file data-v9.cif (mmCIF, C-alpha atoms)
data_work
#
loop_
_atom_site.group_PDB
_atom_site.id
_atom_site.type_symbol
_atom_site.label_atom_id
_atom_site.label_comp_id
_atom_site.auth_asym_id
_atom_site.auth_seq_id
_atom_site.Cartn_x
_atom_site.Cartn_y
_atom_site.Cartn_z
ATOM 1 C CA MET A 27 122.314 157.098 86.357
ATOM 2 C CA LYS A 28 122.473 155.140 89.642
ATOM 3 C CA ILE A 29 118.754 155.688 90.195
ATOM 4 C CA ALA A 30 117.963 154.364 86.704
ATOM 5 C CA LYS A 31 120.051 151.243 87.364
ATOM 6 C CA LEU A 32 118.295 150.682 90.708
ATOM 7 C CA ILE A 33 114.876 151.052 89.086
ATOM 8 C CA ALA A 34 115.854 148.654 86.282
ATOM 9 C CA ALA A 35 117.165 146.127 88.815
ATOM 10 C CA ALA A 36 113.974 146.413 90.876
ATOM 11 C CA LEU A 37 111.815 145.877 87.790
ATOM 12 C CA LEU A 38 113.885 142.875 86.753
ATOM 13 C CA ILE A 39 113.575 141.282 90.189
ATOM 14 C CA SER A 40 109.831 141.913 90.424
ATOM 15 C CA THR A 41 109.155 140.334 87.013
ATOM 16 C CA ALA A 42 111.479 137.349 87.416
ATOM 17 C CA PRO A 43 109.594 134.044 87.262
ATOM 18 C CA ALA A 44 109.003 132.257 90.520
ATOM 19 C CA PHE A 45 110.937 129.046 90.882
ATOM 20 C CA ALA A 46 109.143 125.785 91.257
ATOM 21 C CA GLN A 47 109.925 123.650 94.289
ATOM 22 C CA THR A 48 110.478 119.902 94.044
ATOM 23 C CA TYR A 49 109.122 117.555 96.729
ATOM 24 C CA ASN A 50 110.093 113.898 96.960
ATOM 25 C CA ILE A 51 107.366 111.442 97.862
ATOM 26 C CA GLU A 52 107.726 110.131 101.408
ATOM 27 C CA SER A 53 106.996 106.474 100.687
ATOM 28 C CA ASN A 54 106.334 105.613 104.336
ATOM 29 C CA HIS A 55 103.426 108.063 104.380
ATOM 30 C CA THR A 56 102.001 107.683 100.862
ATOM 31 C CA TYR A 57 99.463 104.990 100.072
ATOM 32 C CA PRO A 58 97.192 104.916 97.032
ATOM 33 C CA SER A 59 94.148 102.967 98.159
ATOM 34 C CA PHE A 60 91.029 101.913 96.305
ATOM 35 C CA GLU A 61 87.648 100.315 96.669
ATOM 36 C CA ALA A 62 85.787 98.211 94.159
ATOM 37 C CA ASP A 63 82.583 96.230 93.990
ATOM 38 C CA HIS A 64 82.480 92.632 95.206
ATOM 39 C CA MET A 65 79.487 90.991 93.497
ATOM 40 C CA GLY A 66 77.213 93.850 94.511
ATOM 41 C CA ILE A 67 77.150 92.719 98.146
ATOM 42 C CA SER A 68 80.171 94.577 99.524
ATOM 43 C CA LEU A 69 83.185 96.684 98.641
ATOM 44 C CA TRP A 70 86.706 95.309 98.634
ATOM 45 C CA ARG A 71 89.350 97.773 99.733
ATOM 46 C CA GLY A 72 93.046 97.564 99.044
ATOM 47 C CA LYS A 73 96.148 99.688 98.865
ATOM 48 C CA PHE A 74 99.602 99.743 97.361
ATOM 49 C CA ASN A 75 102.345 99.759 99.988
ATOM 50 C CA LYS A 76 105.231 100.999 97.800
ATOM 51 C CA THR A 77 105.221 104.253 95.865
ATOM 52 C CA SER A 78 107.903 106.667 94.735
ATOM 53 C CA GLY A 79 108.081 109.878 92.785
ATOM 54 C CA LYS A 80 108.106 113.614 92.981
ATOM 55 C CA ILE A 81 105.835 116.617 92.917
ATOM 56 C CA VAL A 82 106.900 119.934 91.425
ATOM 57 C CA LEU A 83 104.898 122.845 92.758
ATOM 58 C CA ASP A 84 105.111 126.494 91.748
ATOM 59 C CA ARG A 85 102.752 128.294 94.099
ATOM 60 C CA ALA A 86 103.416 131.745 92.637
ATOM 61 C CA ALA A 87 102.625 130.609 89.086
ATOM 62 C CA LYS A 88 99.846 128.350 90.425
ATOM 63 C CA THR A 89 100.941 125.258 88.549
ATOM 64 C CA GLY A 90 102.951 122.085 88.938
ATOM 65 C CA THR A 91 103.427 118.472 87.954
ATOM 66 C CA VAL A 92 103.154 115.064 89.607
ATOM 67 C CA ASP A 93 105.190 111.971 88.703
ATOM 68 C CA ILE A 94 104.327 108.857 90.721
ATOM 69 C CA THR A 95 105.352 105.218 90.283
ATOM 70 C CA ILE A 96 103.427 102.488 92.091
ATOM 71 C CA ASP A 97 104.960 99.070 92.688
ATOM 72 C CA ALA A 98 102.083 96.814 91.603
ATOM 73 C CA SER A 99 103.475 93.856 93.539
ATOM 74 C CA SER A 100 102.917 95.804 96.777
ATOM 75 C CA LEU A 101 99.151 95.375 96.352
ATOM 76 C CA ASP A 102 97.563 94.554 99.714
ATOM 77 C CA PHE A 103 93.935 93.646 100.385
ATOM 78 C CA GLY A 104 94.705 92.383 103.881
ATOM 79 C CA HIS A 105 93.820 88.902 102.597
ATOM 80 C CA GLU A 106 96.759 86.817 101.314
ATOM 81 C CA LYS A 107 94.786 84.615 98.881
ATOM 82 C CA MET A 108 93.139 87.685 97.376
ATOM 83 C CA ASN A 109 96.557 89.390 97.092
ATOM 84 C CA GLU A 110 97.967 86.391 95.212
ATOM 85 C CA HIS A 111 94.998 86.210 92.837
ATOM 86 C CA ALA A 112 94.943 89.966 92.158
ATOM 87 C CA LYS A 113 98.671 89.976 91.308
ATOM 88 C CA GLY A 114 98.136 87.218 88.713
ATOM 89 C CA LYS A 115 97.209 87.374 85.029
ATOM 90 C CA ASP A 116 93.455 87.687 85.712
ATOM 91 C CA MET A 117 93.858 91.108 87.265
ATOM 92 C CA PHE A 118 97.016 93.227 87.753
ATOM 93 C CA ASN A 119 99.417 90.812 86.019
ATOM 94 C CA VAL A 120 102.394 92.152 87.987
ATOM 95 C CA ALA A 121 104.841 89.831 86.218
ATOM 96 C CA GLN A 122 104.186 91.627 82.920
ATOM 97 C CA PHE A 123 103.253 95.059 84.367
ATOM 98 C CA PRO A 124 105.318 95.577 87.540
ATOM 99 C CA THR A 125 104.390 99.245 87.895
ATOM 100 C CA ALA A 126 101.520 101.637 87.426
ATOM 101 C CA THR A 127 102.265 105.335 86.938
ATOM 102 C CA TYR A 128 100.485 108.630 87.320
ATOM 103 C CA LYS A 129 101.796 111.628 85.393
ATOM 104 C CA GLY A 130 100.100 114.846 86.416
ATOM 105 C CA THR A 131 100.761 117.518 83.820
ATOM 106 C CA SER A 132 98.935 120.384 85.497
ATOM 107 C CA ILE A 133 97.909 121.331 89.022
ATOM 108 C CA LYS A 134 94.837 123.558 89.299
ATOM 109 C CA PHE A 135 94.518 126.100 92.107
ATOM 110 C CA ASN A 136 91.660 127.842 93.885
ATOM 111 C CA GLY A 137 93.357 130.954 95.188
ATOM 112 C CA ASP A 138 96.557 129.754 96.852
ATOM 113 C CA THR A 139 95.399 126.162 97.358
ATOM 114 C CA PRO A 140 95.896 123.285 94.900
ATOM 115 C CA VAL A 141 92.525 121.621 94.252
ATOM 116 C CA ALA A 142 93.060 119.226 91.325
ATOM 117 C CA VAL A 143 95.692 117.432 89.280
ATOM 118 C CA ILE A 144 95.065 116.857 85.588
ATOM 119 C CA GLY A 145 97.004 113.841 84.379
ATOM 120 C CA GLU A 146 97.185 110.313 83.038
ATOM 121 C CA LEU A 147 97.160 106.956 84.775
ATOM 122 C CA THR A 148 98.994 104.072 83.120
ATOM 123 C CA MET A 149 97.955 100.627 84.302
ATOM 124 C CA LEU A 150 98.316 97.284 82.508
ATOM 125 C CA GLY A 151 100.055 99.115 79.680
ATOM 126 C CA VAL A 152 97.026 101.340 79.005
ATOM 127 C CA THR A 153 97.146 105.115 79.530
ATOM 128 C CA LYS A 154 93.964 107.100 80.194
ATOM 129 C CA PRO A 155 93.212 110.574 81.574
ATOM 130 C CA VAL A 156 92.418 110.659 85.296
ATOM 131 C CA THR A 157 91.840 113.862 87.242
ATOM 132 C CA LEU A 158 92.630 113.796 90.945
ATOM 133 C CA THR A 159 90.572 115.993 93.253
ATOM 134 C CA ILE A 160 92.671 117.391 96.099
ATOM 135 C CA ASN A 161 90.363 117.326 99.118
ATOM 136 C CA LYS A 162 92.924 118.593 101.630
ATOM 137 C CA PHE A 163 96.380 120.177 101.263
ATOM 138 C CA LYS A 164 98.793 121.564 103.837
ATOM 139 C CA CYS A 165 102.513 122.297 104.148
ATOM 140 C CA ILE A 166 104.489 122.555 107.392
ATOM 141 C CA GLU A 167 108.066 122.661 108.591
ATOM 142 C CA HIS A 168 108.602 118.951 109.288
ATOM 143 C CA PRO A 169 109.741 118.478 112.914
ATOM 144 C CA PHE A 170 112.034 115.518 112.094
ATOM 145 C CA PHE A 171 113.342 116.332 108.613
ATOM 146 C CA LYS A 172 113.726 120.078 109.373
ATOM 147 C CA LYS A 173 112.433 120.830 105.873
ATOM 148 C CA GLU A 174 109.120 121.814 104.405
ATOM 149 C CA ALA A 175 106.752 118.873 104.038
ATOM 150 C CA CYS A 176 103.445 118.944 102.206
ATOM 151 C CA GLY A 177 100.598 116.505 102.541
ATOM 152 C CA ALA A 178 97.365 115.948 100.700
ATOM 153 C CA ASP A 179 94.309 113.784 100.510
ATOM 154 C CA ALA A 180 93.268 113.175 96.910
ATOM 155 C CA SER A 181 90.523 111.155 95.277
ATOM 156 C CA ALA A 182 89.318 110.069 91.844
ATOM 157 C CA GLU A 183 87.048 107.571 90.137
ATOM 158 C CA PHE A 184 87.566 105.524 86.982
ATOM 159 C CA LYS A 185 86.435 102.309 85.320
ATOM 160 C CA ARG A 186 88.976 99.504 85.612
ATOM 161 C CA THR A 187 87.676 98.037 82.355
ATOM 162 C CA ASP A 188 89.024 101.136 80.538
ATOM 163 C CA PHE A 189 92.485 99.772 81.432
ATOM 164 C CA GLY A 190 91.763 96.180 80.444
ATOM 165 C CA LEU A 191 91.102 94.939 83.978
ATOM 166 C CA ASN A 192 87.961 93.046 83.018
ATOM 167 C CA TYR A 193 87.997 90.226 85.574
ATOM 168 C CA GLY A 194 84.539 89.368 86.926
ATOM 169 C CA THR A 195 82.530 91.808 84.862
ATOM 170 C CA PRO A 196 79.615 92.184 84.740
ATOM 171 C CA ARG A 197 79.171 90.369 88.077
ATOM 172 C CA PHE A 198 81.676 92.831 89.595
ATOM 173 C CA ALA A 199 80.972 96.467 88.667
ATOM 174 C CA PRO A 200 83.871 98.177 86.864
ATOM 175 C CA GLU A 201 83.854 101.440 88.859
ATOM 176 C CA VAL A 202 86.825 102.045 91.169
ATOM 177 C CA LYS A 203 87.199 104.790 93.753
ATOM 178 C CA LEU A 204 90.693 105.985 94.605
ATOM 179 C CA ALA A 205 91.679 107.578 97.904
ATOM 180 C CA ILE A 206 95.289 108.682 98.083
ATOM 181 C CA GLN A 207 97.152 109.919 101.120
ATOM 182 C CA VAL A 208 100.415 111.541 100.141
ATOM 183 C CA GLU A 209 103.234 113.289 101.956
ATOM 184 C CA ALA A 210 106.279 114.763 100.255
ATOM 185 C CA ILE A 211 109.458 116.395 101.567
ATOM 186 C CA LYS A 212 111.053 119.393 99.903
ATOM 187 C CA ALA A 213 114.166 118.360 97.963
ATOM 188 C CA ASP A 214 117.504 119.978 98.744
#
call {"tool": "encode", "arguments": {"input": "data-v9.cif", "output": "structure tokens"}}
result
Amino acid sequence: MKIAKLIAAALLISTAPAFAQTYNIESNHTYPSFEADHMGISLWRGKFNKTSGKIVLDRAAKTGTVDITIDASSLDFGHEKMNEHAKGKDMFNVAQFPTATYKGTSIKFNGDTPVAVIGELTMLGVTKPVTLTINKFKCIEHPFFKKEACGADASAEFKRTDFGLNYGTPRFAPEVKLAIQVEAIKAD
């Protein structure tokens, strides 16, 4: 009887679902940046300096979610007049739309490594599918926080006009390239 109970317990443990781990975005090391056409003669690059959110990752089940909020007023082109204009009604209209969000509903894996996030970007009140490609991913024991920390480099492309950001078209091409550096610390 004891052997049967031990075997049953072992089977139960081996088939128990793996638990997902939650990681909080480290806002001092996470910057969604972008580049967009400037009249066909150059590319303007900018970034958002304030982000928050969490990533839920279940490595055993090879899935997860991403929930990110971007403070639109933290937009920074490195050019104050451009920042002011871009935050106005012509472009990001931060008074009416103070945040942009990304909700990743599924993380795709190649073996043990996450390689893509399938989700939706909401900007200017419009929600559209955007898939992030994870170009690099690594987790370490963080030397300062004494917890696991994961970092990634992700990228995507979309048309800003799909979100109603039509300023300057067609003189300015609508394609936008995203490059996102993200670090997140395992929650307690």
call {"tool": "residues_around", "arguments": {"input": "data-v9.cif", "residues": "Ile166 of chain A", "least_positions_apart": "6", "cutoff": "12 Å", "atoms": "all atoms listed in the file", "output": "list in words"}}
result
Lys172, Lys173, Glu174, Ala175, Cys176, Gly177, Ala178, Glu209, Ala210, Ile211 and Lys212 of chain A
call {"tool": "write_last_selection", "arguments": {"input": "data-v9.cif", "atoms": "C-alpha atoms", "output": "compact mmCIF listing (two decimals), in the coordinates of the input"}}
result
# COMPACT_ATOMS: atom_id res chain seq x y z
CA LYS A 172 113.73 120.08 109.37
CA LYS A 173 112.43 120.83 105.87
CA GLU A 174 109.12 121.81 104.40
CA ALA A 175 106.75 118.87 104.04
CA CYS A 176 103.44 118.94 102.21
CA GLY A 177 100.60 116.50 102.54
CA ALA A 178 97.36 115.95 100.70
CA GLU A 209 103.23 113.29 101.96
CA ALA A 210 106.28 114.76 100.26
CA ILE A 211 109.46 116.40 101.57
CA LYS A 212 111.05 119.39 99.90
call {"tool": "resolve_selection", "arguments": {"input": "data-v9.cif", "expression": "the PyMOL selection byres ((chain A and resi 145) around 8)", "output": "PyMOL selection string"}}
result
chain A and resi 128-132+143-144+146-147+155-158
call {"tool": "resolve_selection", "arguments": {"input": "data-v9.cif", "expression": "the PyMOL selection byres ((chain A and resi 152) around 12)", "output": "PyMOL selection string"}}
result
chain A and resi 118+123+125-128+146-151+153-155+186-191
call {"tool": "resolve_selection", "arguments": {"input": "data-v9.cif", "expression": "the PyMOL selection byres ((chain A and resi 192-195) around 12)", "output": "ChimeraX atom specification"}}
result
/A:62-66,111-112,114-119,150,185-191,196-201
call {"tool": "atom_distance", "arguments": {"input": "data-v9.cif", "atom1": "atom CA of Thr48 of chain A", "atom2": "atom CA of Ile206 of chain A"}}
result
19.3 Å
call {"tool": "closest_residue", "arguments": {"input": "data-v9.cif", "among": "A:Asp214, A:Asp97, A:Asp138, A:Asp84", "to": "Ala46 of chain A", "atoms": "only C-alpha atoms"}}
result
A:Asp84
call {"tool": "closest_residue", "arguments": {"input": "data-v9.cif", "among": "A:Lys203, A:Lys76, A:Arg71, A:Lys164", "to": "Thr95 of chain A", "atoms": "all atoms listed in the file"}}
result
A:Lys76
